[in-house]
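Enquirer: Just target_33.cif, nothing more (mmCIF, N, CA and C atoms):
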data_target
loop_
_atom_site.group_PDB
_atom_site.id
_atom_site.type_symbol
_atom_site.label_atom_id
_atom_site.label_comp_id
_atom_site.auth_asym_id
_atom_site.auth_seq_id
_atom_site.Cartn_x
_atom_site.Cartn_y
_atom_site.Cartn_z
ATOM 1 N N MET N 73 13.780 11.388 37.491
ATOM 2 C CA MET N 73 12.543 10.836 37.008
ATOM 3 C C MET N 73 12.883 9.698 36.051
ATOM 4 N N SER N 74 12.473 8.483 36.375
ATOM 5 C CA SER N 74 12.805 7.360 35.501
ATOM 6 C C SER N 74 11.555 6.934 34.733
ATOM 7 N N TYR N 75 11.746 6.699 33.461
ATOM 8 C CA TYR N 75 10.665 6.248 32.592
ATOM 9 C C TYR N 75 10.908 4.793 32.230
ATOM 10 N N SER N 76 9.874 4.014 32.294
ATOM 11 C CA SER N 76 9.995 2.628 31.872
ATOM 12 C C SER N 76 9.413 2.492 30.468
ATOM 13 N N ILE N 77 9.753 1.411 29.824
ATOM 14 C CA ILE N 77 9.232 1.162 28.479
ATOM 15 C C ILE N 77 7.716 0.994 28.535
ATOM 16 N N GLN N 78 7.218 0.346 29.579
ATOM 17 C CA GLN N 78 5.775 0.145 29.717
ATOM 18 C C GLN N 78 5.036 1.475 29.877
ATOM 19 N N SER N 79 5.596 2.413 30.630
ATOM 20 C CA SER N 79 4.919 3.700 30.797
ATOM 21 C C SER N 79 4.916 4.493 29.483
ATOM 22 N N MET N 80 5.998 4.399 28.709
ATOM 23 C CA MET N 80 6.023 5.069 27.401
ATOM 24 C C MET N 80 5.018 4.424 26.449
ATOM 25 N N TYR N 81 4.922 3.099 26.495
ATOM 26 C CA TYR N 81 3.953 2.392 25.670
ATOM 27 C C TYR N 81 2.538 2.801 26.042
ATOM 28 N N ASN N 82 2.227 2.855 27.320
ATOM 29 C CA ASN N 82 0.888 3.259 27.763
ATOM 30 C C ASN N 82 0.575 4.691 27.351
ATOM 31 N N TRP N 83 1.556 5.592 27.467
ATOM 32 C CA TRP N 83 1.334 6.977 27.048
ATOM 33 C C TRP N 83 1.050 7.038 25.553
ATOM 34 N N TYR N 84 1.852 6.344 24.751
ATOM 35 C CA TYR N 84 1.680 6.348 23.299
ATOM 36 C C TYR N 84 0.314 5.794 22.926
ATOM 37 N N ARG N 85 -0.056 4.685 23.543
ATOM 38 C CA ARG N 85 -1.331 4.031 23.231
ATOM 39 C C ARG N 85 -2.516 4.918 23.625
ATOM 40 N N ASN N 86 -2.481 5.475 24.814
ATOM 41 C CA ASN N 86 -3.589 6.317 25.270
ATOM 42 C C ASN N 86 -3.700 7.590 24.450
ATOM 43 N N THR N 87 -2.574 8.184 24.093
ATOM 44 C CA THR N 87 -2.610 9.397 23.292
ATOM 45 C C THR N 87 -3.086 9.104 21.879
ATOM 46 N N LEU N 88 -2.698 7.960 21.337
ATOM 47 C CA LEU N 88 -3.137 7.575 19.997
ATOM 48 C C LEU N 88 -4.634 7.308 19.970
ATOM 49 N N ARG N 89 -5.183 6.806 21.049
ATOM 50 C CA ARG N 89 -6.618 6.526 21.103
ATOM 51 C C ARG N 89 -7.458 7.770 21.386
ATOM 52 N N ASN N 90 -6.809 8.862 21.744
ATOM 53 C CA ASN N 90 -7.521 10.115 21.962
ATOM 54 C C ASN N 90 -7.742 10.783 20.608
ATOM 55 N N PRO N 91 -8.992 11.011 20.188
ATOM 56 C CA PRO N 91 -9.239 11.578 18.857
ATOM 57 C C PRO N 91 -8.637 12.967 18.669
ATOM 58 N N LYS N 92 -8.438 13.691 19.751
ATOM 59 C CA LYS N 92 -7.898 15.040 19.645
ATOM 60 C C LYS N 92 -6.432 15.032 19.199
ATOM 61 N N TYR N 93 -5.669 14.034 19.643
ATOM 62 C CA TYR N 93 -4.232 13.984 19.366
ATOM 63 C C TYR N 93 -3.826 12.884 18.394
ATOM 64 N N ARG N 94 -4.777 12.109 17.910
ATOM 65 C CA ARG N 94 -4.470 10.942 17.090
ATOM 66 C C ARG N 94 -3.623 11.294 15.867
ATOM 67 N N TRP N 95 -4.022 12.281 15.082
ATOM 68 C CA TRP N 95 -3.293 12.614 13.855
ATOM 69 C C TRP N 95 -1.931 13.215 14.167
ATOM 70 N N TRP N 96 -1.812 13.917 15.282
ATOM 71 C CA TRP N 96 -0.502 14.454 15.658
ATOM 72 C C TRP N 96 0.479 13.332 15.981
ATOM 73 N N ILE N 97 0.005 12.309 16.665
ATOM 74 C CA ILE N 97 0.856 11.175 17.008
ATOM 75 C C ILE N 97 1.248 10.402 15.747
ATOM 76 N N ILE N 98 0.308 10.190 14.840
ATOM 77 C CA ILE N 98 0.610 9.477 13.598
ATOM 78 C C ILE N 98 1.627 10.257 12.772
ATOM 79 N N LEU N 99 1.415 11.554 12.613
ATOM 80 C CA LEU N 99 2.354 12.377 11.844
ATOM 81 C C LEU N 99 3.713 12.467 12.537
ATOM 82 N N GLY N 100 3.720 12.555 13.850
ATOM 83 C CA GLY N 100 4.976 12.584 14.590
ATOM 84 C C GLY N 100 5.753 11.285 14.456
ATOM 85 N N THR N 101 5.034 10.166 14.465
ATOM 86 C CA THR N 101 5.685 8.871 14.287
ATOM 87 C C THR N 101 6.310 8.758 12.905
ATOM 88 N N ILE N 102 5.581 9.183 11.893
ATOM 89 C CA ILE N 102 6.111 9.134 10.519
ATOM 90 C C ILE N 102 7.306 10.068 10.371
ATOM 91 N N ALA N 103 7.230 11.251 10.966
ATOM 92 C CA ALA N 103 8.362 12.179 10.902
ATOM 93 C C ALA N 103 9.580 11.602 11.618
ATOM 94 N N TYR N 104 9.364 10.942 12.748
ATOM 95 C CA TYR N 104 10.464 10.322 13.496
ATOM 96 C C TYR N 104 11.164 9.254 12.657
ATOM 97 N N LEU N 105 10.380 8.521 11.872
ATOM 98 C CA LEU N 105 10.964 7.463 11.050
ATOM 99 C C LEU N 105 11.913 8.012 9.994
ATOM 100 N N PHE N 106 11.639 9.206 9.480
ATOM 101 C CA PHE N 106 12.460 9.780 8.420
ATOM 102 C C PHE N 106 13.564 10.693 8.935
ATOM 103 N N MET N 107 13.587 10.960 10.243
ATOM 104 C CA MET N 107 14.645 11.786 10.809
ATOM 105 C C MET N 107 15.950 11.004 10.861
ATOM 106 N N PRO N 108 17.053 11.595 10.453
ATOM 107 C CA PRO N 108 18.319 10.864 10.513
ATOM 108 C C PRO N 108 18.869 10.769 11.941
ATOM 109 N N PHE N 109 18.440 11.658 12.822
ATOM 110 C CA PHE N 109 18.920 11.646 14.202
ATOM 111 C C PHE N 109 17.766 11.267 15.115
ATOM 112 N N ASP N 110 17.877 10.120 15.744
ATOM 113 C CA ASP N 110 16.873 9.691 16.709
ATOM 114 C C ASP N 110 17.564 8.895 17.815
ATOM 115 N N ILE N 111 16.839 8.107 18.559
ATOM 116 C CA ILE N 111 17.418 7.393 19.696
ATOM 117 C C ILE N 111 18.600 6.533 19.252
ATOM 118 N N ALA N 112 18.403 5.766 18.206
ATOM 119 C CA ALA N 112 19.487 4.974 17.619
ATOM 120 C C ALA N 112 19.605 5.436 16.165
ATOM 121 N N PRO N 113 20.631 6.205 15.817
ATOM 122 C CA PRO N 113 20.744 6.759 14.459
ATOM 123 C C PRO N 113 20.697 5.684 13.377
ATOM 124 N N ASP N 114 20.073 6.021 12.262
ATOM 125 C CA ASP N 114 19.826 5.057 11.202
ATOM 126 C C ASP N 114 21.090 4.636 10.459
ATOM 127 N N PHE N 115 22.170 5.393 10.574
ATOM 128 C CA PHE N 115 23.377 4.997 9.849
ATOM 129 C C PHE N 115 24.106 3.835 10.512
ATOM 130 N N LEU N 116 23.715 3.465 11.729
ATOM 131 C CA LEU N 116 24.258 2.265 12.361
ATOM 132 C C LEU N 116 23.557 1.049 11.739
ATOM 133 N N PRO N 117 24.284 0.023 11.347
ATOM 134 C CA PRO N 117 23.720 -1.056 10.531
ATOM 135 C C PRO N 117 22.451 -1.713 11.070
ATOM 136 N N ILE N 118 22.447 -2.311 12.215
ATOM 137 C CA ILE N 118 21.271 -3.033 12.698
ATOM 138 C C ILE N 118 20.569 -2.266 13.807
ATOM 139 N N ILE N 119 21.351 -1.707 14.694
ATOM 140 C CA ILE N 119 20.793 -1.005 15.851
ATOM 141 C C ILE N 119 19.956 0.198 15.415
ATOM 142 N N GLY N 120 20.314 0.831 14.332
ATOM 143 C CA GLY N 120 19.594 2.014 13.862
ATOM 144 C C GLY N 120 18.186 1.723 13.395
ATOM 145 N N GLN N 121 17.957 0.516 12.918
ATOM 146 C CA GLN N 121 16.620 0.174 12.428
ATOM 147 C C GLN N 121 15.732 -0.448 13.502
ATOM 148 N N VAL N 122 16.315 -0.875 14.616
ATOM 149 C CA VAL N 122 15.537 -1.544 15.656
ATOM 150 C C VAL N 122 14.468 -0.620 16.234
ATOM 151 N N ASP N 123 14.811 0.606 16.583
ATOM 152 C CA ASP N 123 13.814 1.506 17.164
ATOM 153 C C ASP N 123 12.758 1.892 16.133
ATOM 154 N N ASP N 124 13.164 2.028 14.865
ATOM 155 C CA ASP N 124 12.180 2.353 13.827
ATOM 156 C C ASP N 124 11.200 1.202 13.611
ATOM 157 N N VAL N 125 11.713 -0.020 13.577
ATOM 158 C CA VAL N 125 10.845 -1.192 13.403
ATOM 159 C C VAL N 125 9.913 -1.343 14.600
ATOM 160 N N ALA N 126 10.419 -1.114 15.797
ATOM 161 C CA ALA N 126 9.579 -1.212 16.998
ATOM 162 C C ALA N 126 8.465 -0.171 16.968
ATOM 163 N N LEU N 127 8.792 1.034 16.553
ATOM 164 C CA LEU N 127 7.790 2.094 16.504
ATOM 165 C C LEU N 127 6.741 1.840 15.418
ATOM 166 N N VAL N 128 7.170 1.366 14.259
ATOM 167 C CA VAL N 128 6.220 1.042 13.190
ATOM 168 C C VAL N 128 5.322 -0.116 13.618
ATOM 169 N N THR N 129 5.907 -1.109 14.278
ATOM 170 C CA THR N 129 5.113 -2.239 14.760
ATOM 171 C C THR N 129 4.071 -1.778 15.766
ATOM 172 N N LEU N 130 4.454 -0.922 16.670
ATOM 173 C CA LEU N 130 3.526 -0.398 17.660
ATOM 174 C C LEU N 130 2.410 0.410 16.996
ATOM 175 N N LEU N 131 2.767 1.259 16.048
ATOM 176 C CA LEU N 131 1.762 2.082 15.362
ATOM 177 C C LEU N 131 0.787 1.211 14.585
ATOM 178 N N VAL N 132 1.284 0.247 13.835
ATOM 179 C CA VAL N 132 0.406 -0.621 13.043
ATOM 180 C C VAL N 132 -0.476 -1.471 13.954
ATOM 181 N N ALA N 133 0.076 -1.983 15.036
ATOM 182 C CA ALA N 133 -0.717 -2.801 15.958
ATOM 183 C C ALA N 133 -1.850 -1.989 16.588
ATOM 184 N N GLU N 134 -1.550 -0.793 17.030
ATOM 185 C CA GLU N 134 -2.580 0.030 17.674
ATOM 186 C C GLU N 134 -3.640 0.486 16.671
ATOM 187 N N LEU N 135 -3.217 0.887 15.485
ATOM 188 C CA LEU N 135 -4.193 1.312 14.478
ATOM 189 C C LEU N 135 -5.070 0.146 14.039
ATOM 190 N N SER N 136 -4.502 -1.050 13.922
ATOM 191 C CA SER N 136 -5.318 -2.203 13.534
ATOM 192 C C SER N 136 -6.308 -2.563 14.638
ATOM 193 N N GLN N 137 -5.903 -2.468 15.907
ATOM 194 C CA GLN N 137 -6.837 -2.724 17.005
ATOM 195 C C GLN N 137 -7.971 -1.698 17.002
ATOM 196 N N MET N 138 -7.635 -0.459 16.728
ATOM 197 C CA MET N 138 -8.667 0.578 16.682
ATOM 198 C C MET N 138 -9.625 0.336 15.516
ATOM 199 N N MET N 139 -9.098 -0.096 14.373
ATOM 200 C CA MET N 139 -9.954 -0.368 13.222
ATOM 201 C C MET N 139 -10.856 -1.565 13.477
ATOM 202 N N VAL N 140 -10.329 -2.618 14.095
ATOM 203 C CA VAL N 140 -11.145 -3.786 14.415
ATOM 204 C C VAL N 140 -12.267 -3.399 15.378
ATOM 205 N N GLY N 141 -11.943 -2.626 16.392
ATOM 206 C CA GLY N 141 -12.964 -2.151 17.327
ATOM 207 C C GLY N 141 -14.012 -1.291 16.649
ATOM 208 N N TYR N 142 -13.577 -0.440 15.727
ATOM 209 C CA TYR N 142 -14.514 0.417 14.991
ATOM 210 C C TYR N 142 -15.458 -0.429 14.140
ATOM 211 N N PHE N 143 -14.909 -1.421 13.428
ATOM 212 C CA PHE N 143 -15.750 -2.254 12.579
ATOM 213 C C PHE N 143 -16.682 -3.133 13.395
ATOM 214 N N LYS N 144 -16.245 -3.562 14.580
ATOM 215 C CA LYS N 144 -17.126 -4.354 15.439
ATOM 216 C C LYS N 144 -18.293 -3.514 15.931
ATOM 217 N N THR N 145 -18.023 -2.269 16.309
ATOM 218 C CA THR N 145 -19.130 -1.422 16.767
ATOM 219 C C THR N 145 -20.068 -1.088 15.611
ATOM 220 N N ARG N 146 -19.515 -0.864 14.422
ATOM 221 C CA ARG N 146 -20.376 -0.606 13.256
ATOM 222 C C ARG N 146 -21.217 -1.827 12.938
ATOM 223 N N GLN N 147 -20.619 -3.022 13.002
ATOM 224 C CA GLN N 147 -21.353 -4.240 12.730
ATOM 225 C C GLN N 147 -22.409 -4.462 13.806
ATOM 226 N N GLY N 148 -22.082 -4.170 15.054
ATOM 227 C CA GLY N 148 -23.047 -4.304 16.131
ATOM 228 C C GLY N 148 -24.228 -3.368 15.963
ATOM 229 N N GLU N 149 -23.978 -2.162 15.466
ATOM 230 C CA GLU N 149 -25.065 -1.216 15.224
ATOM 231 C C GLU N 149 -25.970 -1.707 14.113
ATOM 232 N N THR N 150 -25.409 -2.252 13.030
ATOM 233 C CA THR N 150 -26.238 -2.723 11.925
ATOM 234 C C THR N 150 -27.003 -3.970 12.320
ATOM 235 N N VAL N 151 -26.390 -4.876 13.110
ATOM 236 C CA VAL N 151 -27.094 -6.068 13.560
ATOM 237 C C VAL N 151 -28.208 -5.682 14.508
ATOM 238 N N GLU N 152 -27.933 -4.718 15.382
ATOM 239 C CA GLU N 152 -28.938 -4.264 16.335
ATOM 240 C C GLU N 152 -30.116 -3.612 15.617
ATOM 241 N N GLU N 153 -29.830 -2.822 14.585
ATOM 242 C CA GLU N 153 -30.899 -2.181 13.828
ATOM 243 C C GLU N 153 -31.721 -3.213 13.067
ATOM 244 N N ALA N 154 -31.085 -4.235 12.524
ATOM 245 C CA ALA N 154 -31.795 -5.261 11.776
ATOM 246 C C ALA N 154 -32.588 -6.168 12.701
ATOM 247 N N ALA N 155 -32.098 -6.392 13.921
ATOM 248 C CA ALA N 155 -32.752 -7.309 14.845
ATOM 249 C C ALA N 155 -33.973 -6.683 15.524
ATOM 250 N N SER N 156 -33.991 -5.395 15.692
ATOM 251 C CA SER N 156 -35.112 -4.773 16.388
ATOM 252 C C SER N 156 -36.219 -4.442 15.392
ATOM 253 N N PRO N 157 -37.379 -5.094 15.557
ATOM 254 C CA PRO N 157 -38.481 -4.830 14.630
ATOM 255 C C PRO N 157 -39.094 -3.462 14.902
ATOM 256 N N VAL N 158 -39.416 -2.784 13.848
ATOM 257 C CA VAL N 158 -40.051 -1.479 13.962
ATOM 258 C C VAL N 158 -41.497 -1.647 13.528
ATOM 259 N N THR N 159 -42.404 -1.466 14.465
ATOM 260 C CA THR N 159 -43.826 -1.573 14.163
ATOM 261 C C THR N 159 -44.446 -0.201 14.270
ATOM 262 N N GLU N 160 -45.570 -0.057 13.623
ATOM 263 C CA GLU N 160 -46.240 1.240 13.660
ATOM 264 C C GLU N 160 -46.740 1.508 15.064
ATOM 265 N N GLY N 161 -46.486 2.685 15.533
ATOM 266 C CA GLY N 161 -46.922 3.085 16.856
ATOM 267 C C GLY N 161 -45.974 2.648 17.954
ATOM 268 N N SER N 162 -44.946 1.893 17.623
ATOM 269 C CA SER N 162 -43.982 1.438 18.617
ATOM 270 C C SER N 162 -42.831 2.427 18.679
ATOM 271 N N SER N 163 -42.614 3.003 19.838
ATOM 272 C CA SER N 163 -41.527 3.963 19.970
ATOM 273 C C SER N 163 -40.293 3.345 20.612
ATOM 274 N N GLU N 164 -40.391 2.105 21.082
ATOM 275 C CA GLU N 164 -39.255 1.458 21.715
ATOM 276 C C GLU N 164 -38.301 0.921 20.658
ATOM 277 N N LYS N 165 -37.044 1.098 20.915
ATOM 278 C CA LYS N 165 -36.049 0.624 19.964
ATOM 279 C C LYS N 165 -35.856 -0.877 20.083
ATOM 280 N N ASN N 166 -35.842 -1.389 21.290
ATOM 281 C CA ASN N 166 -35.657 -2.822 21.507
ATOM 282 C C ASN N 166 -36.964 -3.436 21.996
ATOM 283 N N ALA N 167 -37.830 -3.801 21.066
ATOM 284 C CA ALA N 167 -39.107 -4.399 21.425
ATOM 285 C C ALA N 167 -38.911 -5.889 21.652
ATOM 286 N N THR N 168 -39.692 -6.460 22.578
ATOM 287 C CA THR N 168 -39.628 -7.883 22.870
ATOM 288 C C THR N 168 -40.706 -8.608 22.093
ATOM 289 N N VAL N 169 -40.321 -9.714 21.492
ATOM 290 C CA VAL N 169 -41.266 -10.516 20.724
ATOM 291 C C VAL N 169 -41.412 -11.854 21.419
ATOM 292 N N ASP N 170 -42.649 -12.238 21.779
ATOM 293 C CA ASP N 170 -42.905 -13.531 22.393
ATOM 294 C C ASP N 170 -43.212 -14.537 21.295
ATOM 295 N N VAL N 171 -42.553 -15.682 21.386
ATOM 296 C CA VAL N 171 -42.732 -16.739 20.397
ATOM 297 C C VAL N 171 -43.030 -18.031 21.126
ATOM 298 N N GLN N 172 -44.054 -18.753 20.653
ATOM 299 C CA GLN N 172 -44.354 -20.063 21.218
ATOM 300 C C GLN N 172 -43.639 -21.092 20.353
ATOM 301 N N ALA N 173 -42.812 -21.901 20.986
ATOM 302 C CA ALA N 173 -42.063 -22.913 20.267
ATOM 303 C C ALA N 173 -42.313 -24.279 20.867
ATOM 304 N N THR N 174 -42.347 -25.279 20.015
ATOM 305 C CA THR N 174 -42.499 -26.645 20.473
ATOM 306 C C THR N 174 -41.340 -27.463 19.960
ATOM 307 N N SER N 175 -40.999 -28.479 20.728
ATOM 308 C CA SER N 175 -39.909 -29.345 20.355
ATOM 309 C C SER N 175 -40.421 -30.454 19.439
ATOM 310 N N VAL N 176 -39.680 -30.771 18.418
ATOM 311 C CA VAL N 176 -40.062 -31.814 17.476
ATOM 312 C C VAL N 176 -39.055 -32.952 17.608
ATOM 313 N N ASN N 177 -39.545 -34.120 17.979
ATOM 314 C CA ASN N 177 -38.673 -35.297 18.119
ATOM 315 C C ASN N 177 -38.783 -36.108 16.837
ATOM 316 N N GLN N 178 -37.660 -36.420 16.254
ATOM 317 C CA GLN N 178 -37.659 -37.244 15.055
ATOM 318 C C GLN N 178 -37.197 -38.654 15.457
ATOM 319 N N SER N 179 -38.120 -39.583 15.474
ATOM 320 C CA SER N 179 -37.769 -40.962 15.885
ATOM 321 C C SER N 179 -37.862 -41.913 14.727
#
In structure tokens, what does this structure look like?
Expert:
Amino acid sequence: MSYSIQSMYNWYRNTLRNPKYRWWIILGTIAYLFMPFDIAPDFLPIIGQVDDVALVTLLVAELSQMMVGYFKTRQGETVEEAASPVTEGSSEKNATVDVQATSVNQS
């Protein structure tokens, strides 16, 4: 069974985005960083830090993407709530407002 780097990346990303396993992956990543024995042991001068830096970069990138997506959805909800007028007796969330507009030419 051969594993590619892309398949490991996809597994890590999908598991991190799953709310059920998110904290386990974050804690496992942090524990891996402090373990003295890993894929490339930390006592090797440069090679030992390469896998740790790659893993931290991946974790920070994925968490930042998730946070940006979360804030965009929160902002979209607040904009949507502010944009939809609530009138008495109106049960629709997205009511349509007709506006008559005329063009003004400044000559």
Enquirer: Give me every alpha helix (DSSP H) residue in chain N, going by DSSP on the backbone, as a PyMOL selection string.
Expert: chain N and resi 77-89+94-106+119-155
Enquirer: Between atom CA of Asn82 of chain N and atom CA of Tyr104 of chain N, what distance in Å does the model show, to one decimal?
Expert: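 Between atom CA of Asn82 of chain N and atom CA of Tyr104 of chain N the gap is 18.6 Å.
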Enquirer: Hey, can you pull every residue with an atom no more than 12 Å from (21.0, 8.1, 14.3), using only C-alpha atoms, and send it as an NGL selection string?
Expert: :N and (104-124)
Enquirer: Record the distance separating atom N of Asn86 of chain N and atom C of Lys144 of chain N, expressed in Å with one decimal.
Expert: 20.2 Å
Enquirer: Nearest to Arg94 of chain N: which of N:Ile77, N:Leu131, N:Ala173, N:Gln147 is it, counting only C-alpha atoms?
Expert: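 Smallest distance to Arg94 of chain N is found for N:Leu131.
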Enquirer: Out of N:Thr101, N:Arg89, N:Met80, N:Val171, which residue has the shortest atom-to-atom distance to Leu127 of chain N when counting all atoms listed in the file?
Expert: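 Under the stated criterion, the closest residue is N:Thr101.
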Enquirer: Report, in Å with one decimal, the straight-line distance from atom N of Asp170 of chain N to atom C of Thr150 of chain N.
Expert: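 That distance, rounded to one decimal, is 20.1 Å.
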Enquirer: Excluding Ile98 of chain N and any residue of its chain fewer than 5 positions from it, enumerate the residues within 12 Å of it, using only C-alpha atoms, and give them as a list in words.
Expert: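 Selected residues are Tyr84, Arg85, Thr87, Leu88, Arg89, Asn90, Pro91, Lys92, Tyr93, Ala103, Tyr104, Leu105, Leu127, Val128, Leu130, Leu131, Val132, Glu134 and Leu135 of chain N.
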Enquirer: Have segment 168-177 of chain N completed to all heavy atoms, please, and pass it along as an mmCIF file, in the coordinates of the input.
Expert:
data_model
loop_
_atom_site.group_PDB
_atom_site.id
_atom_site.type_symbol
_atom_site.label_atom_id
_atom_site.label_comp_id
_atom_site.auth_asym_id
_atom_site.auth_seq_id
_atom_site.Cartn_x
_atom_site.Cartn_y
_atom_site.Cartn_z
ATOM 1 N N THR N 168 -39.692 -6.460 22.578
ATOM 2 C CA THR N 168 -39.628 -7.883 22.870
ATOM 3 C C THR N 168 -40.706 -8.608 22.093
ATOM 4 O O THR N 168 -41.848 -8.166 22.036
ATOM 5 C CB THR N 168 -39.823 -8.138 24.377
ATOM 6 O OG1 THR N 168 -38.844 -7.378 25.088
ATOM 7 C CG2 THR N 168 -39.680 -9.596 24.714
ATOM 8 N N VAL N 169 -40.321 -9.714 21.492
ATOM 9 C CA VAL N 169 -41.266 -10.516 20.724
ATOM 10 C C VAL N 169 -41.412 -11.854 21.419
ATOM 11 O O VAL N 169 -40.424 -12.554 21.647
ATOM 12 C CB VAL N 169 -40.762 -10.712 19.273
ATOM 13 C CG1 VAL N 169 -41.707 -11.605 18.501
ATOM 14 C CG2 VAL N 169 -40.583 -9.383 18.590
ATOM 15 N N ASP N 170 -42.649 -12.238 21.779
ATOM 16 C CA ASP N 170 -42.905 -13.531 22.393
ATOM 17 C C ASP N 170 -43.212 -14.537 21.295
ATOM 18 O O ASP N 170 -44.011 -14.293 20.407
ATOM 19 C CB ASP N 170 -44.094 -13.447 23.359
ATOM 20 C CG ASP N 170 -43.753 -12.612 24.578
ATOM 21 O OD1 ASP N 170 -42.581 -12.653 25.003
ATOM 22 O OD2 ASP N 170 -44.654 -11.926 25.098
ATOM 23 N N VAL N 171 -42.553 -15.682 21.386
ATOM 24 C CA VAL N 171 -42.732 -16.739 20.397
ATOM 25 C C VAL N 171 -43.030 -18.031 21.126
ATOM 26 O O VAL N 171 -42.358 -18.377 22.101
ATOM 27 C CB VAL N 171 -41.445 -16.896 19.538
ATOM 28 C CG1 VAL N 171 -41.587 -18.027 18.554
ATOM 29 C CG2 VAL N 171 -41.101 -15.619 18.841
ATOM 30 N N GLN N 172 -44.054 -18.753 20.653
ATOM 31 C CA GLN N 172 -44.354 -20.063 21.218
ATOM 32 C C GLN N 172 -43.639 -21.092 20.353
ATOM 33 O O GLN N 172 -43.853 -21.163 19.148
ATOM 34 C CB GLN N 172 -45.850 -20.324 21.225
ATOM 35 C CG GLN N 172 -46.587 -19.422 22.203
ATOM 36 C CD GLN N 172 -48.087 -19.733 22.195
ATOM 37 O OE1 GLN N 172 -48.581 -20.447 21.366
ATOM 38 N NE2 GLN N 172 -48.784 -19.159 23.179
ATOM 39 N N ALA N 173 -42.812 -21.901 20.986
ATOM 40 C CA ALA N 173 -42.063 -22.913 20.267
ATOM 41 C C ALA N 173 -42.313 -24.279 20.867
ATOM 42 O O ALA N 173 -42.495 -24.410 22.071
ATOM 43 C CB ALA N 173 -40.577 -22.581 20.314
ATOM 44 N N THR N 174 -42.347 -25.279 20.015
ATOM 45 C CA THR N 174 -42.499 -26.645 20.473
ATOM 46 C C THR N 174 -41.340 -27.463 19.960
ATOM 47 O O THR N 174 -40.794 -27.210 18.891
ATOM 48 C CB THR N 174 -43.817 -27.255 19.973
ATOM 49 O OG1 THR N 174 -43.846 -27.203 18.562
ATOM 50 C CG2 THR N 174 -45.009 -26.494 20.540
ATOM 51 N N SER N 175 -40.999 -28.479 20.728
ATOM 52 C CA SER N 175 -39.909 -29.345 20.355
ATOM 53 C C SER N 175 -40.421 -30.454 19.439
ATOM 54 O O SER N 175 -41.492 -31.015 19.665
ATOM 55 C CB SER N 175 -39.290 -29.956 21.615
ATOM 56 O OG SER N 175 -38.318 -30.897 21.272
ATOM 57 N N VAL N 176 -39.680 -30.771 18.418
ATOM 58 C CA VAL N 176 -40.062 -31.814 17.476
ATOM 59 C C VAL N 176 -39.055 -32.952 17.608
ATOM 60 O O VAL N 176 -37.864 -32.750 17.380
ATOM 61 C CB VAL N 176 -40.073 -31.287 16.022
ATOM 62 C CG1 VAL N 176 -40.415 -32.401 15.052
ATOM 63 C CG2 VAL N 176 -41.026 -30.133 15.906
ATOM 64 N N ASN N 177 -39.545 -34.120 17.979
ATOM 65 C CA ASN N 177 -38.673 -35.297 18.119
ATOM 66 C C ASN N 177 -38.783 -36.108 16.837
ATOM 67 O O ASN N 177 -39.861 -36.460 16.398
ATOM 68 C CB ASN N 177 -39.093 -36.163 19.303
ATOM 69 C CG ASN N 177 -38.814 -35.462 20.632
ATOM 70 O OD1 ASN N 177 -37.867 -34.699 20.724
ATOM 71 N ND2 ASN N 177 -39.640 -35.735 21.624
#
